[in-house]
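Source file run-v8.txt; content: compact mmCIF, N, CA and C atoms.
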```txt
# COMPACT_ATOMS: atom_id res chain seq x y z
N MET A 1 -56.16 79.36 85.04
CA MET A 1 -56.83 79.89 86.21
C MET A 1 -56.14 81.19 86.62
N SER A 2 -56.92 82.21 86.84
CA SER A 2 -56.34 83.49 87.25
C SER A 2 -55.94 83.45 88.71
N SER A 3 -54.99 84.28 89.08
CA SER A 3 -54.51 84.29 90.46
C SER A 3 -55.55 84.86 91.42
N THR A 4 -56.57 85.57 90.91
CA THR A 4 -57.60 86.13 91.79
C THR A 4 -58.71 85.13 92.07
N GLU A 5 -58.76 84.04 91.31
CA GLU A 5 -59.80 83.04 91.51
C GLU A 5 -59.43 82.14 92.69
N ALA A 6 -60.35 82.00 93.63
CA ALA A 6 -60.07 81.18 94.82
C ALA A 6 -60.05 79.71 94.45
N VAL A 7 -59.01 79.02 94.85
CA VAL A 7 -58.91 77.59 94.60
C VAL A 7 -59.82 76.84 95.58
N ILE A 8 -59.79 77.28 96.83
CA ILE A 8 -60.63 76.67 97.86
C ILE A 8 -61.48 77.78 98.47
N ARG A 9 -62.81 77.58 98.40
CA ARG A 9 -63.71 78.59 98.96
C ARG A 9 -63.94 78.29 100.44
N SER A 10 -63.89 79.34 101.25
CA SER A 10 -64.05 79.18 102.69
C SER A 10 -64.75 80.40 103.27
N ARG A 11 -65.63 80.16 104.23
CA ARG A 11 -66.29 81.25 104.95
C ARG A 11 -66.33 80.90 106.43
N GLN A 12 -66.28 81.92 107.26
CA GLN A 12 -66.34 81.67 108.70
C GLN A 12 -67.14 82.76 109.39
N THR A 13 -67.64 82.40 110.56
CA THR A 13 -68.39 83.36 111.36
C THR A 13 -68.33 82.94 112.83
N GLU A 14 -68.75 83.85 113.68
CA GLU A 14 -68.83 83.57 115.11
C GLU A 14 -70.12 84.16 115.63
N LYS A 15 -70.90 83.35 116.34
CA LYS A 15 -72.17 83.80 116.91
C LYS A 15 -72.35 83.16 118.27
N GLU A 16 -73.26 83.71 119.05
CA GLU A 16 -73.57 83.12 120.35
C GLU A 16 -74.71 82.13 120.19
N VAL A 17 -74.56 80.97 120.82
CA VAL A 17 -75.61 79.95 120.87
C VAL A 17 -75.88 79.69 122.35
N ASN A 18 -77.04 80.09 122.80
CA ASN A 18 -77.42 79.94 124.21
C ASN A 18 -76.34 80.50 125.14
N GLY A 19 -75.80 81.67 124.78
CA GLY A 19 -74.81 82.35 125.60
C GLY A 19 -73.39 81.84 125.45
N ILE A 20 -73.15 80.89 124.53
CA ILE A 20 -71.82 80.32 124.34
C ILE A 20 -71.28 80.76 122.97
N SER A 21 -70.09 81.34 122.97
CA SER A 21 -69.46 81.76 121.72
C SER A 21 -69.22 80.52 120.85
N THR A 22 -69.69 80.57 119.60
CA THR A 22 -69.62 79.42 118.70
C THR A 22 -69.02 79.87 117.38
N GLN A 23 -67.94 79.22 116.97
CA GLN A 23 -67.29 79.55 115.71
C GLN A 23 -67.56 78.45 114.68
N VAL A 24 -67.77 78.89 113.44
CA VAL A 24 -67.99 77.97 112.33
C VAL A 24 -67.10 78.37 111.17
N VAL A 25 -66.44 77.37 110.59
CA VAL A 25 -65.68 77.57 109.36
C VAL A 25 -66.16 76.50 108.38
N CYS A 26 -66.62 76.94 107.20
CA CYS A 26 -67.04 76.02 106.14
C CYS A 26 -66.10 76.18 104.96
N THR A 27 -65.56 75.07 104.47
CA THR A 27 -64.61 75.09 103.36
C THR A 27 -65.04 74.06 102.33
N GLU A 28 -65.03 74.47 101.07
CA GLU A 28 -65.42 73.56 99.99
C GLU A 28 -64.18 73.05 99.28
N PHE A 29 -64.01 71.73 99.27
CA PHE A 29 -62.98 71.07 98.48
C PHE A 29 -63.69 70.35 97.34
N SER A 30 -62.96 69.90 96.34
CA SER A 30 -63.60 69.28 95.18
C SER A 30 -64.36 68.00 95.56
N ASN A 31 -63.90 67.29 96.58
CA ASN A 31 -64.53 66.02 96.92
C ASN A 31 -65.22 66.01 98.28
N TYR A 32 -65.08 67.04 99.07
CA TYR A 32 -65.67 67.10 100.42
C TYR A 32 -66.07 68.52 100.76
N ILE A 33 -67.02 68.64 101.68
CA ILE A 33 -67.30 69.90 102.35
C ILE A 33 -66.73 69.72 103.76
N PHE A 34 -65.90 70.66 104.20
CA PHE A 34 -65.27 70.57 105.51
C PHE A 34 -65.85 71.64 106.41
N ILE A 35 -66.39 71.23 107.56
CA ILE A 35 -67.01 72.17 108.50
C ILE A 35 -66.38 71.98 109.87
N VAL A 36 -65.91 73.07 110.45
CA VAL A 36 -65.46 73.05 111.84
C VAL A 36 -66.46 73.86 112.64
N LEU A 37 -67.02 73.24 113.67
CA LEU A 37 -68.01 73.88 114.54
C LEU A 37 -67.49 73.73 115.97
N THR A 38 -67.11 74.84 116.58
CA THR A 38 -66.47 74.74 117.89
C THR A 38 -66.98 75.77 118.89
N GLN A 39 -67.10 75.33 120.12
CA GLN A 39 -67.40 76.21 121.24
C GLN A 39 -66.22 76.23 122.21
N TYR A 40 -65.12 75.60 121.82
CA TYR A 40 -63.90 75.54 122.63
C TYR A 40 -62.70 76.20 121.95
N GLY A 41 -62.85 76.64 120.70
CA GLY A 41 -61.73 77.22 119.97
C GLY A 41 -60.76 76.17 119.45
N LYS A 42 -61.21 74.91 119.42
CA LYS A 42 -60.38 73.79 118.93
C LYS A 42 -61.19 73.00 117.91
N MET A 43 -60.47 72.21 117.10
CA MET A 43 -61.17 71.44 116.07
C MET A 43 -62.05 70.35 116.67
N GLY A 44 -61.64 69.71 117.73
CA GLY A 44 -62.46 68.69 118.37
C GLY A 44 -62.44 67.36 117.64
N THR A 45 -63.53 66.64 117.76
CA THR A 45 -63.67 65.31 117.16
C THR A 45 -63.91 65.45 115.66
N LEU A 46 -63.22 64.65 114.86
CA LEU A 46 -63.34 64.70 113.41
C LEU A 46 -64.24 63.55 112.95
N ILE A 47 -65.34 63.89 112.28
CA ILE A 47 -66.34 62.91 111.86
C ILE A 47 -66.57 63.00 110.35
N SER A 48 -66.64 61.86 109.71
CA SER A 48 -67.00 61.80 108.29
C SER A 48 -68.48 61.45 108.20
N VAL A 49 -69.23 62.25 107.43
CA VAL A 49 -70.66 62.00 107.21
C VAL A 49 -70.83 61.80 105.71
N THR A 50 -71.18 60.56 105.32
CA THR A 50 -71.26 60.23 103.90
C THR A 50 -72.61 59.64 103.54
N PRO A 51 -73.12 59.99 102.34
CA PRO A 51 -74.35 59.36 101.87
C PRO A 51 -74.11 57.87 101.71
N ASP A 52 -75.07 57.06 102.14
CA ASP A 52 -74.95 55.62 102.06
C ASP A 52 -75.59 55.14 100.77
N SER A 53 -74.78 54.62 99.86
CA SER A 53 -75.28 54.20 98.55
C SER A 53 -76.17 52.97 98.64
N ARG A 54 -76.19 52.32 99.79
CA ARG A 54 -77.04 51.13 99.94
C ARG A 54 -78.49 51.48 100.28
N SER A 55 -78.77 52.77 100.43
CA SER A 55 -80.12 53.22 100.74
C SER A 55 -81.07 52.81 99.62
N ASN A 56 -82.30 52.44 99.97
CA ASN A 56 -83.29 52.02 98.97
C ASN A 56 -83.82 53.19 98.15
N ASP A 57 -83.90 54.37 98.76
CA ASP A 57 -84.45 55.54 98.09
C ASP A 57 -83.31 56.48 97.70
N ILE A 58 -83.02 56.55 96.41
CA ILE A 58 -81.90 57.35 95.92
C ILE A 58 -82.12 58.85 96.17
N SER A 59 -83.38 59.31 96.14
CA SER A 59 -83.65 60.74 96.29
C SER A 59 -83.36 61.24 97.71
N THR A 60 -83.50 60.37 98.71
CA THR A 60 -83.19 60.75 100.09
C THR A 60 -82.29 59.67 100.70
N PRO A 61 -80.99 59.76 100.44
CA PRO A 61 -80.08 58.71 100.92
C PRO A 61 -79.95 58.71 102.44
N ALA A 62 -79.65 57.55 102.96
CA ALA A 62 -79.30 57.45 104.38
C ALA A 62 -77.87 57.95 104.51
N PHE A 63 -77.47 58.31 105.72
CA PHE A 63 -76.12 58.83 105.92
C PHE A 63 -75.38 57.99 106.95
N ALA A 64 -74.13 57.71 106.64
CA ALA A 64 -73.27 56.96 107.56
C ALA A 64 -72.31 57.93 108.21
N THR A 65 -72.07 57.75 109.51
CA THR A 65 -71.10 58.59 110.23
C THR A 65 -69.98 57.71 110.74
N LYS A 66 -68.78 58.28 110.72
CA LYS A 66 -67.61 57.55 111.22
C LYS A 66 -66.69 58.55 111.91
N VAL A 67 -66.37 58.28 113.16
CA VAL A 67 -65.43 59.13 113.88
C VAL A 67 -64.02 58.76 113.42
N LEU A 68 -63.30 59.75 112.89
CA LEU A 68 -61.94 59.52 112.39
C LEU A 68 -60.90 59.82 113.45
N LEU A 69 -61.14 60.86 114.25
CA LEU A 69 -60.23 61.24 115.34
C LEU A 69 -61.09 61.74 116.50
N GLY A 70 -60.76 61.32 117.70
CA GLY A 70 -61.47 61.83 118.86
C GLY A 70 -62.37 60.80 119.50
N LYS A 71 -63.26 61.31 120.37
CA LYS A 71 -64.14 60.45 121.16
C LYS A 71 -65.29 59.91 120.32
N ASP A 72 -65.39 58.59 120.26
CA ASP A 72 -66.45 57.94 119.49
C ASP A 72 -67.61 57.62 120.43
N GLU A 73 -68.55 58.56 120.54
CA GLU A 73 -69.71 58.40 121.41
C GLU A 73 -70.99 58.52 120.58
N PRO A 74 -72.07 57.85 120.99
CA PRO A 74 -73.33 57.92 120.22
C PRO A 74 -73.80 59.35 119.97
N LEU A 75 -73.69 60.24 120.96
CA LEU A 75 -74.16 61.62 120.80
C LEU A 75 -73.37 62.35 119.71
N THR A 76 -72.09 62.01 119.56
CA THR A 76 -71.26 62.62 118.51
C THR A 76 -71.84 62.30 117.14
N HIS A 77 -72.24 61.04 116.93
CA HIS A 77 -72.82 60.62 115.65
C HIS A 77 -74.15 61.33 115.40
N VAL A 78 -74.98 61.42 116.44
CA VAL A 78 -76.29 62.08 116.31
C VAL A 78 -76.12 63.55 115.93
N CYS A 79 -75.24 64.24 116.63
CA CYS A 79 -75.01 65.67 116.35
C CYS A 79 -74.47 65.87 114.94
N ALA A 80 -73.46 65.08 114.57
CA ALA A 80 -72.85 65.23 113.24
C ALA A 80 -73.86 64.97 112.14
N LYS A 81 -74.67 63.93 112.30
CA LYS A 81 -75.66 63.61 111.27
C LYS A 81 -76.69 64.72 111.15
N ASN A 82 -77.15 65.24 112.30
CA ASN A 82 -78.14 66.31 112.29
C ASN A 82 -77.59 67.59 111.68
N LEU A 83 -76.33 67.88 111.92
CA LEU A 83 -75.73 69.12 111.42
C LEU A 83 -75.27 69.03 109.97
N ALA A 84 -74.91 67.85 109.50
CA ALA A 84 -74.27 67.74 108.19
C ALA A 84 -75.17 67.20 107.07
N THR A 85 -76.27 66.56 107.40
CA THR A 85 -77.11 65.94 106.37
C THR A 85 -77.59 66.96 105.33
N PHE A 86 -78.11 68.10 105.79
CA PHE A 86 -78.63 69.09 104.83
C PHE A 86 -77.51 69.65 103.96
N VAL A 87 -76.30 69.76 104.52
CA VAL A 87 -75.16 70.27 103.75
C VAL A 87 -74.86 69.32 102.60
N SER A 88 -74.76 68.04 102.91
CA SER A 88 -74.47 67.03 101.88
C SER A 88 -75.55 67.04 100.81
N GLN A 89 -76.80 67.08 101.22
CA GLN A 89 -77.91 67.06 100.25
C GLN A 89 -77.88 68.29 99.35
N GLU A 90 -77.63 69.47 99.93
CA GLU A 90 -77.57 70.69 99.13
C GLU A 90 -76.34 70.73 98.22
N ALA A 91 -75.30 69.98 98.59
CA ALA A 91 -74.05 69.96 97.81
C ALA A 91 -73.99 68.76 96.87
N GLY A 92 -75.16 68.27 96.45
CA GLY A 92 -75.19 67.16 95.50
C GLY A 92 -74.75 65.84 96.10
N ASN A 93 -75.10 65.62 97.36
CA ASN A 93 -74.75 64.39 98.10
C ASN A 93 -73.25 64.16 98.22
N ARG A 94 -72.50 65.26 98.32
CA ARG A 94 -71.07 65.13 98.60
C ARG A 94 -70.88 64.80 100.08
N PRO A 95 -69.84 64.06 100.41
CA PRO A 95 -69.57 63.78 101.82
C PRO A 95 -69.13 65.04 102.57
N VAL A 96 -69.35 65.02 103.88
CA VAL A 96 -69.00 66.15 104.74
C VAL A 96 -68.01 65.65 105.79
N LEU A 97 -66.94 66.38 105.96
CA LEU A 97 -65.98 66.12 107.03
C LEU A 97 -66.22 67.21 108.07
N MET A 98 -66.48 66.80 109.31
CA MET A 98 -66.88 67.76 110.33
C MET A 98 -66.01 67.65 111.57
N GLY A 99 -65.53 68.80 112.04
CA GLY A 99 -64.84 68.88 113.32
C GLY A 99 -65.80 69.46 114.33
N LEU A 100 -66.08 68.73 115.40
CA LEU A 100 -67.06 69.16 116.40
C LEU A 100 -66.42 69.26 117.78
N ALA A 101 -66.61 70.40 118.43
CA ALA A 101 -66.18 70.60 119.82
C ALA A 101 -67.27 71.43 120.50
N LEU A 102 -68.27 70.73 121.06
CA LEU A 102 -69.46 71.40 121.57
C LEU A 102 -69.58 71.33 123.08
N LYS A 103 -69.95 72.46 123.68
CA LYS A 103 -70.31 72.50 125.10
C LYS A 103 -71.80 72.22 125.26
N ASP A 104 -72.60 72.72 124.31
CA ASP A 104 -74.06 72.58 124.35
C ASP A 104 -74.52 71.81 123.12
N SER A 105 -75.02 70.59 123.34
CA SER A 105 -75.51 69.80 122.22
C SER A 105 -77.01 69.53 122.35
N SER A 106 -77.71 70.48 122.98
CA SER A 106 -79.17 70.36 123.11
C SER A 106 -79.83 70.52 121.74
N ILE A 107 -81.07 70.09 121.63
CA ILE A 107 -81.80 70.19 120.36
C ILE A 107 -81.88 71.64 119.90
N ASP A 108 -82.17 72.55 120.83
CA ASP A 108 -82.25 73.97 120.50
C ASP A 108 -80.91 74.49 119.98
N ALA A 109 -79.82 74.10 120.63
CA ALA A 109 -78.49 74.55 120.20
C ALA A 109 -78.16 74.02 118.81
N ILE A 110 -78.50 72.76 118.55
CA ILE A 110 -78.22 72.16 117.24
C ILE A 110 -78.99 72.91 116.15
N LYS A 111 -80.25 73.28 116.42
CA LYS A 111 -81.04 74.05 115.45
C LYS A 111 -80.37 75.39 115.15
N GLN A 112 -79.89 76.07 116.19
CA GLN A 112 -79.22 77.35 115.99
C GLN A 112 -77.92 77.18 115.21
N MET A 113 -77.20 76.11 115.49
CA MET A 113 -75.93 75.85 114.81
C MET A 113 -76.15 75.55 113.32
N LYS A 114 -77.25 74.88 113.00
CA LYS A 114 -77.58 74.64 111.59
C LYS A 114 -77.73 75.96 110.85
N GLU A 115 -78.38 76.93 111.48
CA GLU A 115 -78.56 78.24 110.86
C GLU A 115 -77.22 78.95 110.67
N ILE A 116 -76.32 78.79 111.63
CA ILE A 116 -75.00 79.40 111.51
C ILE A 116 -74.24 78.76 110.34
N ILE A 117 -74.34 77.44 110.23
CA ILE A 117 -73.68 76.74 109.11
C ILE A 117 -74.26 77.25 107.78
N LYS A 118 -75.58 77.42 107.71
CA LYS A 118 -76.21 77.93 106.48
C LYS A 118 -75.66 79.32 106.13
N SER A 119 -75.37 80.13 107.15
CA SER A 119 -74.86 81.48 106.88
C SER A 119 -73.44 81.47 106.33
N CYS A 120 -72.76 80.33 106.43
CA CYS A 120 -71.38 80.19 105.91
C CYS A 120 -71.35 79.32 104.68
N GLN A 121 -72.45 79.22 103.98
CA GLN A 121 -72.56 78.30 102.86
C GLN A 121 -71.52 78.59 101.76
N VAL A 122 -70.77 77.55 101.37
CA VAL A 122 -69.79 77.65 100.30
C VAL A 122 -70.08 76.62 99.20
N TRP A 123 -71.06 75.80 99.38
CA TRP A 123 -71.37 74.73 98.41
C TRP A 123 -72.42 75.16 97.42
```

Encoded form using structure tokens:
Amino acid sequence: MSSTEAVIRSRQTEKEVNGISTQVVCTEFSNYIFIVLTQYGKMGTLISVTPDSRSNDISTPAFATKVLLGKDEPLTHVCAKNLATFVSQEAGNRPVLMGLALKDSSIDAIKQMKEIIKSCQVW
């Protein structure tokens, strides 16, 4: 491997979502996609989003969410699943590790955040 070849690919950006500064960092590891999405400048709650192999339809797997660190609230699971499902599917059903620290978790904000994540695609 040459020294100029990146071992871990990572991209980041900052955009406004409904007037709130929002930072995104997407990093590709061999076994996970790691995404930090923050409106507080901190990593926030760490959630694992994994394809569920028990799903009946292999082409569109169900996704399981698990809070690893932080507040385990229903809205956290909903936001993580909505933000990470397309990433996992586009990355060959790899699991996604997500750090979330959101001030605005409205449907409109989540849609905008998905677009920001797409702009940082590393998978």

Practice task
Write out as a list in words which residues come within 9 Å of stretch 102-105 of chain A when counting only C-alpha atoms, dropping same-chain ones fewer than 2 positions away.
Solution key: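 With the cut-off at 9 Å, the set is Val17, Asn18, Ile20, Thr22, Leu37, Thr38, Gln39, Tyr40, Gly44, Leu75, Cys79, Leu100, Ile107, Asp108, Ala109 and Ile110 of chain A.
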
Prev. selection, N, CA and C atoms, output as a PDB file, in the frame of the given file:
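Writing done, so here's out39.pdb:
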```
ATOM      1  N   VAL A  17     -74.560  80.970 120.820  1.00  0.00           N
ATOM      2  CA  VAL A  17     -75.610  79.950 120.870  1.00  0.00           C
ATOM      3  C   VAL A  17     -75.880  79.690 122.350  1.00  0.00           C
ATOM      4  N   ASN A  18     -77.040  80.090 122.800  1.00  0.00           N
ATOM      5  CA  ASN A  18     -77.420  79.940 124.210  1.00  0.00           C
ATOM      6  C   ASN A  18     -76.340  80.500 125.140  1.00  0.00           C
ATOM      7  N   ILE A  20     -73.150  80.890 124.530  1.00  0.00           N
ATOM      8  CA  ILE A  20     -71.820  80.320 124.340  1.00  0.00           C
ATOM      9  C   ILE A  20     -71.280  80.760 122.970  1.00  0.00           C
ATOM     10  N   THR A  22     -69.690  80.570 119.600  1.00  0.00           N
ATOM     11  CA  THR A  22     -69.620  79.420 118.700  1.00  0.00           C
ATOM     12  C   THR A  22     -69.020  79.870 117.380  1.00  0.00           C
ATOM     13  N   LEU A  37     -67.020  73.240 113.670  1.00  0.00           N
ATOM     14  CA  LEU A  37     -68.010  73.880 114.540  1.00  0.00           C
ATOM     15  C   LEU A  37     -67.490  73.730 115.970  1.00  0.00           C
ATOM     16  N   THR A  38     -67.110  74.840 116.580  1.00  0.00           N
ATOM     17  CA  THR A  38     -66.470  74.740 117.890  1.00  0.00           C
ATOM     18  C   THR A  38     -66.980  75.770 118.890  1.00  0.00           C
ATOM     19  N   GLN A  39     -67.100  75.330 120.120  1.00  0.00           N
ATOM     20  CA  GLN A  39     -67.400  76.210 121.240  1.00  0.00           C
ATOM     21  C   GLN A  39     -66.220  76.230 122.210  1.00  0.00           C
ATOM     22  N   TYR A  40     -65.120  75.600 121.820  1.00  0.00           N
ATOM     23  CA  TYR A  40     -63.900  75.540 122.630  1.00  0.00           C
ATOM     24  C   TYR A  40     -62.700  76.200 121.950  1.00  0.00           C
ATOM     25  N   GLY A  44     -61.640  69.710 117.730  1.00  0.00           N
ATOM     26  CA  GLY A  44     -62.460  68.690 118.370  1.00  0.00           C
ATOM     27  C   GLY A  44     -62.440  67.360 117.640  1.00  0.00           C
ATOM     28  N   LEU A  75     -73.690  60.240 120.960  1.00  0.00           N
ATOM     29  CA  LEU A  75     -74.160  61.620 120.800  1.00  0.00           C
ATOM     30  C   LEU A  75     -73.370  62.350 119.710  1.00  0.00           C
ATOM     31  N   CYS A  79     -75.240  64.240 116.630  1.00  0.00           N
ATOM     32  CA  CYS A  79     -75.010  65.670 116.350  1.00  0.00           C
ATOM     33  C   CYS A  79     -74.470  65.870 114.940  1.00  0.00           C
ATOM     34  N   LEU A 100     -66.080  68.730 115.400  1.00  0.00           N
ATOM     35  CA  LEU A 100     -67.060  69.160 116.400  1.00  0.00           C
ATOM     36  C   LEU A 100     -66.420  69.260 117.780  1.00  0.00           C
ATOM     37  N   ILE A 107     -81.070  70.090 121.630  1.00  0.00           N
ATOM     38  CA  ILE A 107     -81.800  70.190 120.360  1.00  0.00           C
ATOM     39  C   ILE A 107     -81.880  71.640 119.900  1.00  0.00           C
ATOM     40  N   ASP A 108     -82.170  72.550 120.830  1.00  0.00           N
ATOM     41  CA  ASP A 108     -82.250  73.970 120.500  1.00  0.00           C
ATOM     42  C   ASP A 108     -80.910  74.490 119.980  1.00  0.00           C
ATOM     43  N   ALA A 109     -79.820  74.100 120.630  1.00  0.00           N
ATOM     44  CA  ALA A 109     -78.490  74.550 120.200  1.00  0.00           C
ATOM     45  C   ALA A 109     -78.160  74.020 118.810  1.00  0.00           C
ATOM     46  N   ILE A 110     -78.500  72.760 118.550  1.00  0.00           N
ATOM     47  CA  ILE A 110     -78.220  72.160 117.240  1.00  0.00           C
ATOM     48  C   ILE A 110     -78.990  72.910 116.150  1.00  0.00           C
TER      49      ILE A 110
END
```

Fill in the blank from the handout: Students should find that atom CA of A:Gln23 and atom N of A:Cys120 are spaced 10.8 Å

Practice task
Within chain A, find each residue whose DSSP state, derived from the backbone, is strand (DSSP E), and express the selection as a ChimeraX atom specification.
Solution key: /A:9-17,20-28,33-38,45-52,62-69,96-101

Problem - Selected residue, from A:His77, A:Lys118, A:Lys66, A:Lys111, that lies nearest to A:Val24 when counting only C-alpha atoms - result: A:Lys118

Exercise for the section: Determine the nearest neighbour of A:Leu46 from the options A:Gln89, A:Ile116, A:Leu68, A:Pro74, counting all atoms listed in the file. Expected result: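 Checking each of A:Gln89, A:Ile116, A:Leu68, A:Pro74 against A:Leu46, counting all atoms listed in the file, the winner is A:Leu68.
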
Exercise for the section: May I ask for the distance between atom N of A:Pro61 and atom CA of A:Gln121, given in Å to one decimal place? Expected result: 20.5 Å

With 5 Å on each side, where is the centre of the axis-aligned box around all listed atoms of stretch 84-92 of chain A, and how long are its edges in Å to one decimal, as lines of an AutoDock Vina configuration file?
```
center_x = -76.3
center_y = 68.3
center_z = 102.5
size_x = 14.6
size_y = 14.9
size_z = 24.0
```

Exercise for the section: Find the distance between atom N of A:Gly99 and atom N of A:Asp52 and write it in Å to one decimal. Expected result: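 Interatomic distance here is 18.1 Å.
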
Handout entry: DSSP-assigned helix (DSSP H, G or I) members of chain A, reported as a PyMOL selection string
Key = chain A and resi 74-90+107-119

Problem - Selection near A:Thr45, 6 Å with all atoms listed in the file, sequence-local residues under 4 positions removed, as a VMD selection string - result: chain A and resid 69 to 71 98 to 101

Completion exercise
For A:Ala64, the closest of A:Asn82, A:Thr76, A:Ser48, A:Ser119 counting only N, CA and C atoms is A:Ser48

Exercise for the section: For A:Val7, please output as a PyMOL selection string all residues within 8 Å (counting only N, CA and C atoms; exclusion window: fewer than 5 positions along the same chain). Expected result: chain A and resi 28-30

Exercise for the section: Could you tell me which of A:Val122, A:Phe34, A:Lys42, A:Asp72 comes closest to A:Leu97 if we count only C-alpha atoms? Expected result: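 Smallest separation from A:Leu97 among the options: A:Phe34.
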
Practice task
Tell me, as a list in words, which residues lie within 7 Å of A:Leu83, counting all atoms listed in the file; anything in the same chain fewer than 5 positions away does not count.
Solution key: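 The residues that qualify are Val78, Ile110, Met113 and Lys114 of chain A.
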
So that I can look at just that part, could you write stretch 102-108 of chain A with all heavy atoms, as a PDB file, in the first residue's frame?
```pdb
ATOM      1  N   LEU A 102     -28.829  16.378  18.171  1.00  0.00           N
ATOM      2  CA  LEU A 102     -29.721  17.231  17.385  1.00  0.00           C
ATOM      3  C   LEU A 102     -30.537  18.178  18.244  1.00  0.00           C
ATOM      4  O   LEU A 102     -31.091  17.786  19.268  1.00  0.00           O
ATOM      5  CB  LEU A 102     -30.681  16.362  16.572  1.00  0.00           C
ATOM      6  CG  LEU A 102     -30.060  15.327  15.642  1.00  0.00           C
ATOM      7  CD1 LEU A 102     -31.150  14.538  14.926  1.00  0.00           C
ATOM      8  CD2 LEU A 102     -29.114  15.981  14.665  1.00  0.00           C
ATOM      9  N   LYS A 103     -30.634  19.423  17.782  1.00  0.00           N
ATOM     10  CA  LYS A 103     -31.548  20.398  18.380  1.00  0.00           C
ATOM     11  C   LYS A 103     -32.907  20.311  17.691  1.00  0.00           C
ATOM     12  O   LYS A 103     -33.937  20.493  18.311  1.00  0.00           O
ATOM     13  CB  LYS A 103     -30.998  21.829  18.222  1.00  0.00           C
ATOM     14  CG  LYS A 103     -29.745  22.093  19.018  1.00  0.00           C
ATOM     15  CD  LYS A 103     -29.245  23.518  18.779  1.00  0.00           C
ATOM     16  CE  LYS A 103     -27.944  23.753  19.520  1.00  0.00           C
ATOM     17  NZ  LYS A 103     -27.404  25.100  19.271  1.00  0.00           N
ATOM     18  N   ASP A 104     -32.891  20.060  16.373  1.00  0.00           N
ATOM     19  CA  ASP A 104     -34.107  20.004  15.560  1.00  0.00           C
ATOM     20  C   ASP A 104     -34.222  18.612  14.951  1.00  0.00           C
ATOM     21  O   ASP A 104     -33.423  18.236  14.102  1.00  0.00           O
ATOM     22  CB  ASP A 104     -34.035  21.068  14.457  1.00  0.00           C
ATOM     23  CG  ASP A 104     -35.293  21.122  13.597  1.00  0.00           C
ATOM     24  OD1 ASP A 104     -36.198  20.274  13.771  1.00  0.00           O
ATOM     25  OD2 ASP A 104     -35.372  22.026  12.740  1.00  0.00           O
ATOM     26  N   SER A 105     -35.224  17.852  15.398  1.00  0.00           N
ATOM     27  CA  SER A 105     -35.422  16.518  14.841  1.00  0.00           C
ATOM     28  C   SER A 105     -36.768  16.419  14.118  1.00  0.00           C
ATOM     29  O   SER A 105     -37.378  15.360  14.051  1.00  0.00           O
ATOM     30  CB  SER A 105     -35.326  15.452  15.940  1.00  0.00           C
ATOM     31  OG  SER A 105     -36.225  15.746  16.983  1.00  0.00           O
ATOM     32  N   SER A 106     -37.214  17.551  13.560  1.00  0.00           N
ATOM     33  CA  SER A 106     -38.470  17.570  12.796  1.00  0.00           C
ATOM     34  C   SER A 106     -38.287  16.779  11.493  1.00  0.00           C
ATOM     35  O   SER A 106     -37.159  16.536  11.053  1.00  0.00           O
ATOM     36  CB  SER A 106     -38.874  19.009  12.476  1.00  0.00           C
ATOM     37  OG  SER A 106     -37.935  19.592  11.584  1.00  0.00           O
ATOM     38  N   ILE A 107     -39.384  16.401  10.883  1.00  0.00           N
ATOM     39  CA  ILE A 107     -39.334  15.639   9.631  1.00  0.00           C
ATOM     40  C   ILE A 107     -38.578  16.421   8.559  1.00  0.00           C
ATOM     41  O   ILE A 107     -37.741  15.874   7.846  1.00  0.00           O
ATOM     42  CB  ILE A 107     -40.766  15.279   9.156  1.00  0.00           C
ATOM     43  CG1 ILE A 107     -41.397  14.278  10.127  1.00  0.00           C
ATOM     44  CG2 ILE A 107     -40.743  14.701   7.740  1.00  0.00           C
ATOM     45  CD1 ILE A 107     -42.866  14.023   9.903  1.00  0.00           C
ATOM     46  N   ASP A 108     -38.850  17.720   8.464  1.00  0.00           N
ATOM     47  CA  ASP A 108     -38.172  18.563   7.482  1.00  0.00           C
ATOM     48  C   ASP A 108     -36.663  18.598   7.739  1.00  0.00           C
ATOM     49  O   ASP A 108     -35.862  18.490   6.810  1.00  0.00           O
ATOM     50  CB  ASP A 108     -38.750  19.984   7.515  1.00  0.00           C
ATOM     51  CG  ASP A 108     -38.022  20.909   6.556  1.00  0.00           C
ATOM     52  OD1 ASP A 108     -37.982  20.591   5.348  1.00  0.00           O
ATOM     53  OD2 ASP A 108     -37.484  21.927   7.019  1.00  0.00           O
TER      54      ASP A 108
END
```
